[in-house]
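> What follows is query.txt, made up of compact mmCIF, C-alpha atoms:
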# COMPACT_ATOMS: atom_id res chain seq x y z
CA MET G 439 94.04 20.24 161.69
CA ALA G 440 96.35 22.82 163.34
CA HIS G 441 94.64 25.43 165.46
CA GLN G 442 95.50 29.09 164.93
CA ALA G 443 95.33 31.87 167.53
CA HIS G 444 94.09 34.47 164.99
CA ALA G 445 91.14 34.97 162.64
CA TYR G 446 93.15 35.36 159.44
CA HIS G 447 93.43 32.93 156.57
CA MET G 448 96.87 31.45 156.01
CA VAL G 449 96.37 29.95 152.55
CA ASP G 450 97.85 26.62 151.54
CA PRO G 451 100.34 26.61 148.65
CA SER G 452 98.71 26.32 145.23
CA PRO G 453 99.94 26.45 141.62
CA TRP G 454 97.36 28.93 140.35
CA PRO G 455 99.22 32.20 140.94
CA LEU G 456 102.13 30.75 138.96
CA THR G 457 99.94 29.49 136.11
CA GLY G 458 98.20 32.86 136.06
CA ALA G 459 101.50 34.68 135.71
CA ILE G 460 102.66 32.27 132.99
CA SER G 461 99.42 32.75 131.10
CA ALA G 462 99.92 36.54 131.24
CA LEU G 463 103.38 36.10 129.71
CA LEU G 464 102.11 33.72 127.02
CA MET G 465 99.17 35.94 126.11
CA THR G 466 101.21 39.13 125.76
CA SER G 467 104.05 37.53 123.82
CA GLY G 468 101.45 35.53 121.87
CA LEU G 469 99.70 38.73 120.81
CA ALA G 470 103.01 40.13 119.58
CA THR G 471 103.93 36.98 117.64
CA TRP G 472 100.46 36.92 116.12
CA PHE G 473 100.82 40.47 114.86
CA VAL G 474 104.32 39.90 113.47
CA TYR G 475 104.45 36.26 112.41
CA LYS G 476 100.71 35.49 112.01
CA THR G 477 101.03 32.39 114.26
CA THR G 478 98.48 31.90 117.06
CA THR G 479 100.08 29.06 119.05
CA LEU G 480 101.35 31.09 122.00
CA LEU G 481 98.17 33.13 122.18
CA PHE G 482 96.02 30.00 122.16
CA LEU G 483 98.18 28.35 124.86
CA GLY G 484 98.08 31.47 126.99
CA THR G 485 94.31 31.84 126.73
CA THR G 486 93.72 28.18 127.60
CA LEU G 487 96.01 28.45 130.61
CA LEU G 488 94.22 31.64 131.71
CA LEU G 489 90.81 29.97 131.56
CA LEU G 490 92.13 26.97 133.48
CA THR G 491 93.67 29.24 136.14
CA MET G 492 90.49 31.25 136.60
CA PHE G 493 88.30 28.16 136.86
CA GLN G 494 90.59 26.37 139.33
CA TRP G 495 91.53 29.35 141.47
CA TRP G 496 87.99 30.61 141.96
CA ARG G 497 86.75 27.08 142.59
CA LEU G 498 89.41 26.83 145.30
CA ILE G 499 88.26 30.13 146.86
CA ILE G 500 84.65 28.94 146.92
CA ARG G 501 85.81 25.77 148.65
CA GLU G 502 87.91 27.70 151.20
CA SER G 503 85.10 30.12 152.00
CA THR G 504 81.71 28.43 151.64
CA PHE G 505 82.76 24.91 152.59
CA GLN G 506 85.74 25.39 154.91
CA GLY G 507 84.69 28.63 156.61
CA HIS G 508 87.97 30.50 156.24
CA HIS G 509 86.33 33.81 155.40
CA THR G 510 85.91 35.28 158.86
CA THR G 511 84.92 38.92 159.30
CA PRO G 512 88.49 40.31 159.23
CA VAL G 513 89.23 38.20 156.15
CA GLN G 514 86.09 39.50 154.47
CA LYS G 515 87.06 43.08 155.32
CA GLY G 516 90.41 42.53 153.62
CA LEU G 517 88.68 41.11 150.56
CA ARG G 518 86.39 44.15 150.43
CA TYR G 519 89.38 46.51 150.53
CA GLY G 520 90.96 44.40 147.80
CA MET G 521 87.95 44.65 145.50
CA VAL G 522 87.62 48.40 146.04
CA LEU G 523 91.31 48.91 145.26
CA PHE G 524 91.05 46.74 142.17
CA ILE G 525 88.06 48.67 140.86
CA THR G 526 89.91 51.92 141.61
CA SER G 527 92.84 50.72 139.52
CA GLU G 528 90.43 49.96 136.68
CA VAL G 529 88.98 53.47 136.98
CA PHE G 530 92.47 54.83 136.39
CA PHE G 531 92.88 52.48 133.43
CA PHE G 532 89.84 54.08 131.80
CA ILE G 533 90.96 57.59 132.79
CA GLY G 534 93.89 57.04 130.43
CA PHE G 535 91.61 56.43 127.49
CA PHE G 536 89.39 59.38 128.33
CA TRP G 537 92.54 61.50 128.53
CA ALA G 538 93.53 60.35 125.05
CA PHE G 539 90.06 61.13 123.73
CA TYR G 540 89.90 64.65 125.18
CA HIS G 541 93.48 65.40 124.16
CA SER G 542 92.65 64.65 120.55
CA SER G 543 89.15 66.11 120.44
CA LEU G 544 89.47 69.38 122.36
CA ALA G 545 92.08 70.77 119.94
CA PRO G 546 91.64 68.78 116.71
CA ALA G 547 94.76 68.58 114.55
CA ILE G 548 94.84 70.33 111.20
CA GLU G 549 95.33 66.96 109.50
CA LEU G 550 91.82 66.03 110.64
CA GLY G 551 90.36 69.20 109.20
CA GLY G 552 90.69 71.18 112.42
CA LEU G 553 87.31 70.01 113.68
CA TRP G 554 85.77 67.21 115.72
CA PRO G 555 84.40 64.85 114.53
CA PRO G 556 87.10 64.90 111.86
CA THR G 557 86.22 65.55 108.23
CA GLY G 558 84.84 62.46 106.57
CA ILE G 559 83.66 60.83 109.80
CA THR G 560 79.91 60.29 110.24
CA PRO G 561 79.44 59.73 113.98
CA LEU G 562 76.66 57.50 115.32
CA ASP G 563 73.45 59.27 116.33
CA PRO G 564 73.60 59.35 120.14
CA PHE G 565 69.83 59.15 120.39
CA GLU G 566 69.43 55.85 118.57
CA VAL G 567 71.08 52.60 119.71
CA PRO G 568 73.53 54.38 122.09
CA LEU G 569 70.58 55.74 124.05
CA LEU G 570 69.10 52.25 124.33
CA ASN G 571 72.55 51.10 125.38
CA THR G 572 72.34 53.64 128.19
CA ALA G 573 68.91 52.54 129.38
CA VAL G 574 70.06 48.91 129.52
CA PRO G 575 72.97 49.31 132.01
CA LEU G 576 70.87 51.69 134.11
CA ALA G 577 68.07 49.12 134.24
CA SER G 578 70.54 46.38 135.12
CA GLY G 579 71.80 48.54 138.00
CA VAL G 580 68.25 48.54 139.34
CA THR G 581 67.87 44.76 138.88
CA VAL G 582 71.19 43.99 140.59
CA THR G 583 70.13 46.17 143.55
CA TRP G 584 66.85 44.29 143.69
CA ALA G 585 68.88 41.06 143.72
CA HIS G 586 71.07 42.36 146.54
CA HIS G 587 68.11 43.27 148.73
CA SER G 588 66.47 39.93 147.97
CA ILE G 589 69.57 38.05 149.06
CA MET G 590 69.78 40.10 152.25
CA GLU G 591 66.14 39.36 153.03
CA GLY G 592 66.60 35.66 152.29
CA ALA G 593 64.09 35.82 149.44
CA ARG G 594 65.42 33.06 147.20
CA LYS G 595 63.09 33.20 144.21
CA PRO G 596 63.18 37.00 143.69
CA ALA G 597 66.96 36.87 144.03
CA LEU G 598 67.20 34.27 141.26
CA GLN G 599 64.78 36.25 139.06
CA SER G 600 66.56 39.57 139.49
CA LEU G 601 70.04 38.14 139.06
CA THR G 602 68.92 36.36 135.87
CA LEU G 603 67.41 39.63 134.58
CA THR G 604 70.72 41.38 135.28
CA VAL G 605 72.63 38.78 133.29
CA LEU G 606 70.14 38.96 130.41
CA LEU G 607 70.43 42.76 130.27
CA GLY G 608 74.22 42.44 130.20
CA LEU G 609 74.05 39.99 127.30
CA TYR G 610 71.59 42.26 125.49
CA PHE G 611 73.99 45.21 125.83
CA THR G 612 76.86 43.14 124.39
CA ALA G 613 74.73 41.99 121.47
CA LEU G 614 73.61 45.57 120.69
CA GLN G 615 77.18 46.86 120.82
CA ALA G 616 78.41 44.08 118.54
CA MET G 617 75.73 45.04 116.03
CA GLU G 618 76.71 48.71 116.34
CA TYR G 619 80.36 47.81 115.72
CA TYR G 620 79.38 46.05 112.50
CA GLU G 621 77.04 48.80 111.31
CA ALA G 622 79.36 51.73 112.06
CA PRO G 623 80.44 53.68 108.99
CA PHE G 624 83.87 54.28 110.55
CA THR G 625 86.48 51.74 111.65
CA LEU G 626 89.38 51.36 114.08
CA ALA G 627 91.70 52.40 111.26
CA ASP G 628 89.99 55.75 110.74
CA GLY G 629 92.57 57.93 112.42
CA VAL G 630 92.41 59.12 116.01
CA TYR G 631 88.59 59.22 116.01
CA GLY G 632 88.28 55.55 115.19
CA CYS G 633 91.13 54.68 117.52
CA THR G 634 89.79 56.50 120.60
CA PHE G 635 86.24 55.34 119.91
CA PHE G 636 86.93 51.64 119.48
CA VAL G 637 89.67 51.31 122.10
CA ALA G 638 87.59 53.04 124.80
CA THR G 639 84.28 51.35 123.95
CA GLY G 640 86.08 48.07 123.19
CA PHE G 641 87.72 47.85 126.60
CA HIS G 642 84.42 48.86 128.14
CA GLY G 643 82.71 46.04 126.23
CA LEU G 644 85.33 43.59 127.47
CA HIS G 645 84.56 44.70 131.02
CA VAL G 646 80.83 44.22 130.38
CA ILE G 647 81.54 40.67 129.28
CA ILE G 648 83.68 40.11 132.38
CA GLY G 649 80.97 41.61 134.61
CA THR G 650 78.25 39.50 132.98
CA THR G 651 80.37 36.36 133.47
CA PHE G 652 80.99 37.36 137.11
CA SER G 653 77.22 37.71 137.62
CA MET G 654 76.56 34.37 135.90
CA VAL G 655 79.12 32.78 138.22
CA CYS G 656 77.15 34.27 141.15
CA LEU G 657 73.89 32.88 139.81
CA LEU G 658 75.24 29.34 139.79
CA PRO G 659 76.44 29.26 143.44
CA HIS G 660 73.25 31.01 144.46
CA THR G 661 71.15 28.20 143.03
CA HIS G 662 73.21 25.84 145.23
CA TYR G 663 72.50 27.82 148.40
CA HIS G 664 76.03 29.20 148.82
CA PHE G 665 74.96 32.68 149.94
CA THR G 666 73.56 33.59 153.35
CA SER G 667 71.60 36.73 154.03
CA ASN G 668 74.54 38.51 155.63
CA HIS G 669 77.54 36.76 154.09
CA HIS G 670 77.61 36.90 150.32
CA PHE G 671 80.78 38.74 149.47
CA GLY G 672 81.13 37.15 146.02
CA PHE G 673 77.82 38.68 145.07
CA ASP G 674 78.73 42.07 146.61
CA ALA G 675 81.94 42.12 144.59
CA ALA G 676 80.05 41.28 141.39
CA ALA G 677 77.46 44.00 142.09
CA TRP G 678 80.14 46.64 142.74
CA TYR G 679 81.94 45.66 139.54
CA TRP G 680 78.68 45.83 137.62
CA HIS G 681 77.89 49.34 138.92
CA PHE G 682 81.43 50.41 137.97
CA VAL G 683 80.90 49.12 134.43
CA ALA G 684 77.59 51.02 134.14
CA VAL G 685 79.16 54.26 135.41
CA VAL G 686 82.01 53.97 132.90
CA TRP G 687 79.42 53.61 130.15
CA LEU G 688 77.69 56.81 131.30
CA PHE G 689 80.96 58.70 131.01
CA LEU G 690 81.64 57.11 127.61
CA TYR G 691 78.18 58.00 126.36
CA ILE G 692 78.34 61.61 127.50
CA SER G 693 81.91 62.22 126.30
CA ILE G 694 82.35 60.21 123.12
CA TYR G 695 78.85 59.60 121.83
CA TRP G 696 77.10 62.84 122.81
CA TRP G 697 79.68 65.63 123.22
CA GLY G 698 81.93 64.11 120.55
CA SER G 699 79.29 64.01 117.82
CA MET W 973 80.52 63.62 140.61
CA LEU W 974 78.89 60.35 139.67
CA GLN W 975 82.07 58.56 140.67
CA ARG W 976 82.31 60.28 144.05
CA SER W 977 78.81 59.21 145.07
CA TYR W 978 79.60 55.69 143.85
CA LEU W 979 82.65 55.62 146.11
CA THR W 980 80.64 56.91 149.07
CA GLN W 981 78.09 54.18 148.48
CA VAL W 982 80.88 51.61 148.40
CA TRP W 983 82.38 53.06 151.60
CA HIS W 984 79.05 52.63 153.39
CA GLN W 985 78.87 49.03 152.26
CA LEU W 986 82.46 48.50 153.38
CA SER W 987 81.89 49.75 156.90
CA SER W 988 78.83 47.56 157.49
CA PRO W 989 79.42 44.26 155.75
CA ALA W 990 76.72 42.42 157.64
CA ALA W 991 74.06 45.08 158.04
CA GLY W 992 71.05 45.38 155.76
CA HIS W 993 70.35 48.69 154.11
CA GLY W 994 67.31 49.61 156.13
CA GLU W 995 65.26 52.13 154.18
CA LYS W 996 64.63 50.44 150.84
CA SER W 997 63.44 46.85 150.77
CA ALA W 998 63.60 44.31 147.97
CA LYS W 999 59.93 44.99 147.14
CA THR W 1000 60.74 48.63 146.33
CA TRP W 1001 63.53 47.68 143.94
CA LYS W 1002 61.31 45.07 142.33
CA MET W 1003 58.71 47.76 141.65
CA LEU W 1004 61.38 50.10 140.32
CA THR W 1005 62.52 47.32 138.00
CA PHE W 1006 59.14 46.58 136.47
CA LEU W 1007 57.63 50.08 136.57
CA VAL W 1008 60.62 52.26 135.65
CA ALA W 1009 63.72 50.42 134.51
CA LEU W 1010 62.30 47.83 132.11
CA PRO W 1011 59.64 50.18 130.62
CA GLY W 1012 62.45 52.71 130.12
CA VAL W 1013 64.36 50.11 128.15
CA GLY W 1014 61.19 49.34 126.18
CA VAL W 1015 60.67 53.02 125.29
CA CYS W 1016 64.27 53.29 124.09
CA MET W 1017 63.86 50.14 122.01
CA LEU W 1018 60.78 51.62 120.36
CA ASN W 1019 62.58 54.92 119.76
CA THR W 1020 65.53 53.15 118.15
CA PHE W 1021 63.29 51.06 115.92
CA LEU W 1022 61.29 54.08 114.74
CA LYS W 1023 64.39 56.17 114.07
CA ALA W 1024 66.03 53.38 112.13
CA GLN W 1025 63.10 53.25 109.74
CA HIS W 1026 63.73 56.88 108.76
CA HIS W 1027 67.28 56.07 107.72
CA SER W 1028 68.35 56.18 104.13
CA HIS W 1029 70.31 53.04 103.34
CA GLU W 1030 72.69 54.64 100.85
CA GLN W 1031 76.42 54.35 101.12
CA PRO W 1032 78.23 57.39 102.50
CA GLU W 1033 80.19 59.15 99.77
CA PHE W 1034 83.80 57.99 99.32
CA VAL W 1035 86.51 60.67 99.54
CA PRO W 1036 90.09 59.32 99.69
CA TYR W 1037 91.15 61.34 102.73
CA SER W 1038 94.67 60.57 103.89
CA HIS W 1039 93.76 60.77 107.60
CA LEU W 1040 91.24 57.94 107.32
CA ARG W 1041 91.51 54.25 106.43
CA ILE W 1042 95.06 54.10 107.75
CA ARG W 1043 97.05 50.97 106.93
CA SER W 1044 100.47 51.33 108.58
CA LYS W 1045 100.61 47.57 109.09
CA ARG W 1046 98.56 44.76 107.63
CA PHE W 1047 95.93 43.19 109.91
CA PRO W 1048 96.93 39.66 111.02
CA TRP W 1049 93.78 38.09 109.50
CA GLY W 1050 92.43 37.52 106.02
CA ASP W 1051 94.03 39.66 103.35
CA GLY W 1052 95.27 42.10 105.97
CA ASN W 1053 93.23 44.94 104.55
CA LYS W 1054 89.88 44.64 106.33
CA THR W 1055 89.15 45.64 109.92
CA LEU W 1056 87.69 43.10 112.36
CA PHE W 1057 84.07 44.29 112.02
CA HIS W 1058 84.34 45.12 108.33
CA ASN W 1059 81.00 45.84 106.71
CA PRO W 1060 81.37 46.06 102.92
CA HIS W 1061 78.25 48.20 102.63
CA VAL W 1062 79.41 51.09 104.82
CA ASN W 1063 83.16 50.57 105.28
CA ALA W 1064 85.24 51.58 102.28
CA LEU W 1065 88.71 50.15 101.77
CA PRO W 1066 91.59 52.59 101.19
CA GLY W 1067 90.94 52.44 97.44
CA GLY W 1068 87.18 52.85 97.66
CA TYR W 1069 84.19 50.65 98.25
CA GLU W 1070 84.47 47.02 97.17
CA SER W 1071 82.62 46.41 93.93
CA HIS W 1072 79.40 44.50 94.46
CA GLU W 1073 79.39 41.20 92.59
Rewrite the structure of this file - the entire thing - as structure tokens.

Amino acid sequence: MAHQAHAYHMVDPSPWPLTGAISALLMTSGLATWFVYKTTTLLFLGTTLLLLTMFQWWRLIIRESTFQGHHTTPVQKGLRYGMVLFITSEVFFFIGFFWAFYHSSLAPAIELGGLWPPTGITPLDPFEVPLLNTAVPLASGVTVTWAHHSIMEGARKPALQSLTLTVLLGLYFTALQAMEYYEAPFTLADGVYGCTFFVATGFHGLHVIIGTTFSMVCLLPHTHYHFTSNHHFGFDAAAWYWHFVAVVWLFLYISIYWWGS
Amino acid sequence: MLQRSYLTQVWHQLSSPAAGHGEKSAKTWKMLTFLVALPGVGVCMLNTFLKAQHHSHEQPEFVPYSHLRIRSKRFPWGDGNKTLFHNPHVNALPGGYESHE
């Protein structure tokens, strides 16, 4: 193996960035062809390729880091910056949807009846299921912090317990939201209220599912002793992402569910 | 404000990747989980259940407003007229509620 005079990781060539880019192209064009021509081939191909890319690329990273030791301290620092920047970009993604919501709700158009919620819309009671759906992410923020401290203290069993609890709470939230979506008296097609509601909460729900999957993927390596008490960046990244998802929910709850009702 | 403190927390973690967090140990967070967080969830579950029992289960009245039930383009599934989470009991179609068989 060649020796390098620096602590950075010069990655070997791999096909996964290319397959990832191709899957992005197939999924976006597939969505358009589905809407126009009702065919799902491209979309299905794109999704399969995306899943393959994610599985293979992250497996490769685990091999490079846990088993080959490429993640030195400077490399880890770079990865931390990367995750923070990524989460920041996601914050701005959600800012767009909050902008749309406030634009439409602060000065409701006359076509809606000049009021918010618009005439004919029965909003959900913020103190029923939405309140439970606020307690759940807050509780999971506590459990993921418990997990973090357990990992740092080398306490294996509590770490497994707390991480499992976090995942279960995430799944519970998704199930509750799915039920709410079905029971809601308004739909996506109900003007700007339905649109802002379901697009904002829908993307949030997608991020919850991503965050839950991320945490589940941390649980598996943890059972195989991949984390050490001071080097467990995969878990840190998952925990940051999870806190981000919970904070977005708080903003959603206060703006759309509570103020907007 | 919530976001700023989140970023500060992240910044602290960034600048000390290997250090533990000192003040609060895992035991504290475990107690918080079982004494505060999970009971909080339990209370909210109870509250939701009790409130749901007070609900009337009637259909909301149907008024054919033009700003609701918009159908600029057919949905790419089924008959193209029902949303993804369509619930025939509470979601009316543009012409009114579906007749119950």
> Kindly provide, as a PyMOL selection string, the residues of chain G having any atom no farther than 8 Å from an atom of chain W, counting only C-alpha atoms.
chain G and resi 472-474+476+515+518-519+522+549-550+558+565-567+569-570+573-574+576-578+580-581+583-588+590-591+619-629+668-669+678+685
> Hey, can you check how far CA of Glu528 (chain G) sits from CA of Val637 (chain G)?
14.7 Å
> Set the distance at 12 Å and use all atoms listed in the file: which residues neighbour His645 (chain G) once local chain neighbours fewer than 3 positions away are removed? I'd like the list as a PyMOL selection string.
chain G and resi 525+528-529+531-532+608+611-612+638-642+648-652+676+679-687
> So how far away is CA of Leu464 (chain G) from CA of Arg497 (chain G), in Å?
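Taking CA of Arg497 (chain G) and CA of Leu464 (chain G), their separation equals 22.9 Å.
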> Could you tell me which of G:Pro564, G:Pro453, G:Gly516, G:Gly552 comes closest to Trp697 (chain G) if we count all atoms listed in the file?
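Smallest separation from Trp697 (chain G) among the options: G:Pro564.
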> How many Å separate CA of Pro556 (chain G) from CA of Tyr631 (chain G)?
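We find that CA of Pro556 (chain G) and CA of Tyr631 (chain G) lie 7.2 Å from each other.
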> Return the single residue from G:Ser600, G:Phe535, G:Pro546, G:Pro555 that is closest to Gly579 (chain G), with distances computed using all atoms listed in the file.
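Looking only at the distances to Gly579 (chain G), the closest residue turns out to be G:Ser600.
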> From the set G:Phe636, G:Trp537, G:Tyr446, G:Tyr610, which residue has the shortest atom-to-atom contact distance to Gly507 (chain G), counting only C-alpha atoms?
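Once distances to Gly507 (chain G) are computed over only C-alpha atoms, the minimum belongs to G:Tyr446.
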> Quick one: residues within 10 Å of region 480-486 of chain G, only C-alpha atoms, excluding same-chain residues fewer than 4 positions away - as an mmCIF file with C-alpha atoms, in the frame of the given file?

data_model
loop_
_atom_site.group_PDB
_atom_site.id
_atom_site.type_symbol
_atom_site.label_atom_id
_atom_site.label_comp_id
_atom_site.auth_asym_id
_atom_site.auth_seq_id
_atom_site.Cartn_x
_atom_site.Cartn_y
_atom_site.Cartn_z
ATOM 1 C CA THR G 457 99.940 29.490 136.110
ATOM 2 C CA GLY G 458 98.200 32.860 136.060
ATOM 3 C CA ALA G 459 101.500 34.680 135.710
ATOM 4 C CA ILE G 460 102.660 32.270 132.990
ATOM 5 C CA SER G 461 99.420 32.750 131.100
ATOM 6 C CA ALA G 462 99.920 36.540 131.240
ATOM 7 C CA LEU G 463 103.380 36.100 129.710
ATOM 8 C CA LEU G 464 102.110 33.720 127.020
ATOM 9 C CA MET G 465 99.170 35.940 126.110
ATOM 10 C CA THR G 466 101.210 39.130 125.760
ATOM 11 C CA SER G 467 104.050 37.530 123.820
ATOM 12 C CA GLY G 468 101.450 35.530 121.870
ATOM 13 C CA LEU G 469 99.700 38.730 120.810
ATOM 14 C CA ALA G 470 103.010 40.130 119.580
ATOM 15 C CA THR G 471 103.930 36.980 117.640
ATOM 16 C CA TRP G 472 100.460 36.920 116.120
ATOM 17 C CA LEU G 490 92.130 26.970 133.480
ATOM 18 C CA THR G 491 93.670 29.240 136.140
#
> Could you pull region 445-463 of chain G out of the structure I just pasted and write it to a file containing N, CA, C and O atoms, as a PDB file, in the first residue's frame?

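Saved file part.pdb follows:
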ATOM      1  N   ALA G 445      -2.606  13.506   6.395  1.00  0.00           N
ATOM      2  CA  ALA G 445      -3.635  12.749   7.124  1.00  0.00           C
ATOM      3  C   ALA G 445      -4.965  12.682   6.395  1.00  0.00           C
ATOM      4  O   ALA G 445      -5.936  12.187   6.937  1.00  0.00           O
ATOM      5  N   TYR G 446      -5.008  13.163   5.152  1.00  0.00           N
ATOM      6  CA  TYR G 446      -6.292  13.238   4.456  1.00  0.00           C
ATOM      7  C   TYR G 446      -6.585  11.958   3.708  1.00  0.00           C
ATOM      8  O   TYR G 446      -5.714  11.132   3.486  1.00  0.00           O
ATOM      9  N   HIS G 447      -7.844  11.805   3.305  1.00  0.00           N
ATOM     10  CA  HIS G 447      -8.281  10.586   2.662  1.00  0.00           C
ATOM     11  C   HIS G 447      -8.444  10.807   1.166  1.00  0.00           C
ATOM     12  O   HIS G 447      -9.356  11.485   0.721  1.00  0.00           O
ATOM     13  N   MET G 448      -7.533  10.226   0.391  1.00  0.00           N
ATOM     14  CA  MET G 448      -7.656  10.305  -1.064  1.00  0.00           C
ATOM     15  C   MET G 448      -8.462   9.081  -1.474  1.00  0.00           C
ATOM     16  O   MET G 448      -7.935   7.969  -1.512  1.00  0.00           O
ATOM     17  N   VAL G 449      -9.743   9.286  -1.799  1.00  0.00           N
ATOM     18  CA  VAL G 449     -10.619   8.143  -2.055  1.00  0.00           C
ATOM     19  C   VAL G 449     -10.296   7.450  -3.365  1.00  0.00           C
ATOM     20  O   VAL G 449      -9.868   8.089  -4.324  1.00  0.00           O
ATOM     21  N   ASP G 450     -10.525   6.149  -3.405  1.00  0.00           N
ATOM     22  CA  ASP G 450     -10.363   5.402  -4.650  1.00  0.00           C
ATOM     23  C   ASP G 450     -11.567   5.661  -5.554  1.00  0.00           C
ATOM     24  O   ASP G 450     -12.653   5.940  -5.070  1.00  0.00           O
ATOM     25  N   PRO G 451     -11.381   5.524  -6.881  1.00  0.00           N
ATOM     26  CA  PRO G 451     -12.524   5.737  -7.780  1.00  0.00           C
ATOM     27  C   PRO G 451     -13.637   4.729  -7.490  1.00  0.00           C
ATOM     28  O   PRO G 451     -13.362   3.572  -7.160  1.00  0.00           O
ATOM     29  N   SER G 452     -14.884   5.214  -7.589  1.00  0.00           N
ATOM     30  CA  SER G 452     -16.014   4.308  -7.383  1.00  0.00           C
ATOM     31  C   SER G 452     -17.169   4.765  -8.258  1.00  0.00           C
ATOM     32  O   SER G 452     -17.235   5.926  -8.648  1.00  0.00           O
ATOM     33  N   PRO G 453     -18.084   3.840  -8.617  1.00  0.00           N
ATOM     34  CA  PRO G 453     -19.163   4.213  -9.540  1.00  0.00           C
ATOM     35  C   PRO G 453     -20.338   4.897  -8.870  1.00  0.00           C
ATOM     36  O   PRO G 453     -21.248   5.351  -9.555  1.00  0.00           O
ATOM     37  N   TRP G 454     -20.348   4.979  -7.536  1.00  0.00           N
ATOM     38  CA  TRP G 454     -21.585   5.380  -6.855  1.00  0.00           C
ATOM     39  C   TRP G 454     -21.974   6.849  -7.046  1.00  0.00           C
ATOM     40  O   TRP G 454     -23.162   7.140  -7.150  1.00  0.00           O
ATOM     41  N   PRO G 455     -21.032   7.780  -7.127  1.00  0.00           N
ATOM     42  CA  PRO G 455     -21.475   9.143  -7.451  1.00  0.00           C
ATOM     43  C   PRO G 455     -22.182   9.206  -8.806  1.00  0.00           C
ATOM     44  O   PRO G 455     -23.201   9.893  -8.945  1.00  0.00           O
ATOM     45  N   LEU G 456     -21.685   8.460  -9.778  1.00  0.00           N
ATOM     46  CA  LEU G 456     -22.316   8.460 -11.097  1.00  0.00           C
ATOM     47  C   LEU G 456     -23.702   7.827 -11.039  1.00  0.00           C
ATOM     48  O   LEU G 456     -24.673   8.375 -11.575  1.00  0.00           O
ATOM     49  N   THR G 457     -23.816   6.679 -10.378  1.00  0.00           N
ATOM     50  CA  THR G 457     -25.138   6.032 -10.301  1.00  0.00           C
ATOM     51  C   THR G 457     -26.104   6.906  -9.525  1.00  0.00           C
ATOM     52  O   THR G 457     -27.294   6.970  -9.847  1.00  0.00           O
ATOM     53  N   GLY G 458     -25.599   7.624  -8.524  1.00  0.00           N
ATOM     54  CA  GLY G 458     -26.463   8.537  -7.769  1.00  0.00           C
ATOM     55  C   GLY G 458     -27.004   9.647  -8.650  1.00  0.00           C
ATOM     56  O   GLY G 458     -28.193   9.980  -8.620  1.00  0.00           O
ATOM     57  N   ALA G 459     -26.112  10.218  -9.477  1.00  0.00           N
ATOM     58  CA  ALA G 459     -26.539  11.290 -10.372  1.00  0.00           C
ATOM     59  C   ALA G 459     -27.536  10.769 -11.395  1.00  0.00           C
ATOM     60  O   ALA G 459     -28.544  11.417 -11.705  1.00  0.00           O
ATOM     61  N   ILE G 460     -27.277   9.577 -11.940  1.00  0.00           N
ATOM     62  CA  ILE G 460     -28.200   8.989 -12.919  1.00  0.00           C
ATOM     63  C   ILE G 460     -29.554   8.726 -12.275  1.00  0.00           C
ATOM     64  O   ILE G 460     -30.607   8.977 -12.878  1.00  0.00           O
ATOM     65  N   SER G 461     -29.536   8.243 -11.044  1.00  0.00           N
ATOM     66  CA  SER G 461     -30.822   7.973 -10.382  1.00  0.00           C
ATOM     67  C   SER G 461     -31.592   9.263 -10.161  1.00  0.00           C
ATOM     68  O   SER G 461     -32.820   9.292 -10.296  1.00  0.00           O
ATOM     69  N   ALA G 462     -30.891  10.380  -9.878  1.00  0.00           N
ATOM     70  CA  ALA G 462     -31.577  11.666  -9.720  1.00  0.00           C
ATOM     71  C   ALA G 462     -32.259  12.053 -11.027  1.00  0.00           C
ATOM     72  O   ALA G 462     -33.409  12.495 -11.041  1.00  0.00           O
ATOM     73  N   LEU G 463     -31.545  11.860 -12.143  1.00  0.00           N
ATOM     74  CA  LEU G 463     -32.123  12.181 -13.447  1.00  0.00           C
ATOM     75  C   LEU G 463     -33.339  11.297 -13.731  1.00  0.00           C
ATOM     76  O   LEU G 463     -34.393  11.776 -14.158  1.00  0.00           O
TER      77      LEU G 463
END
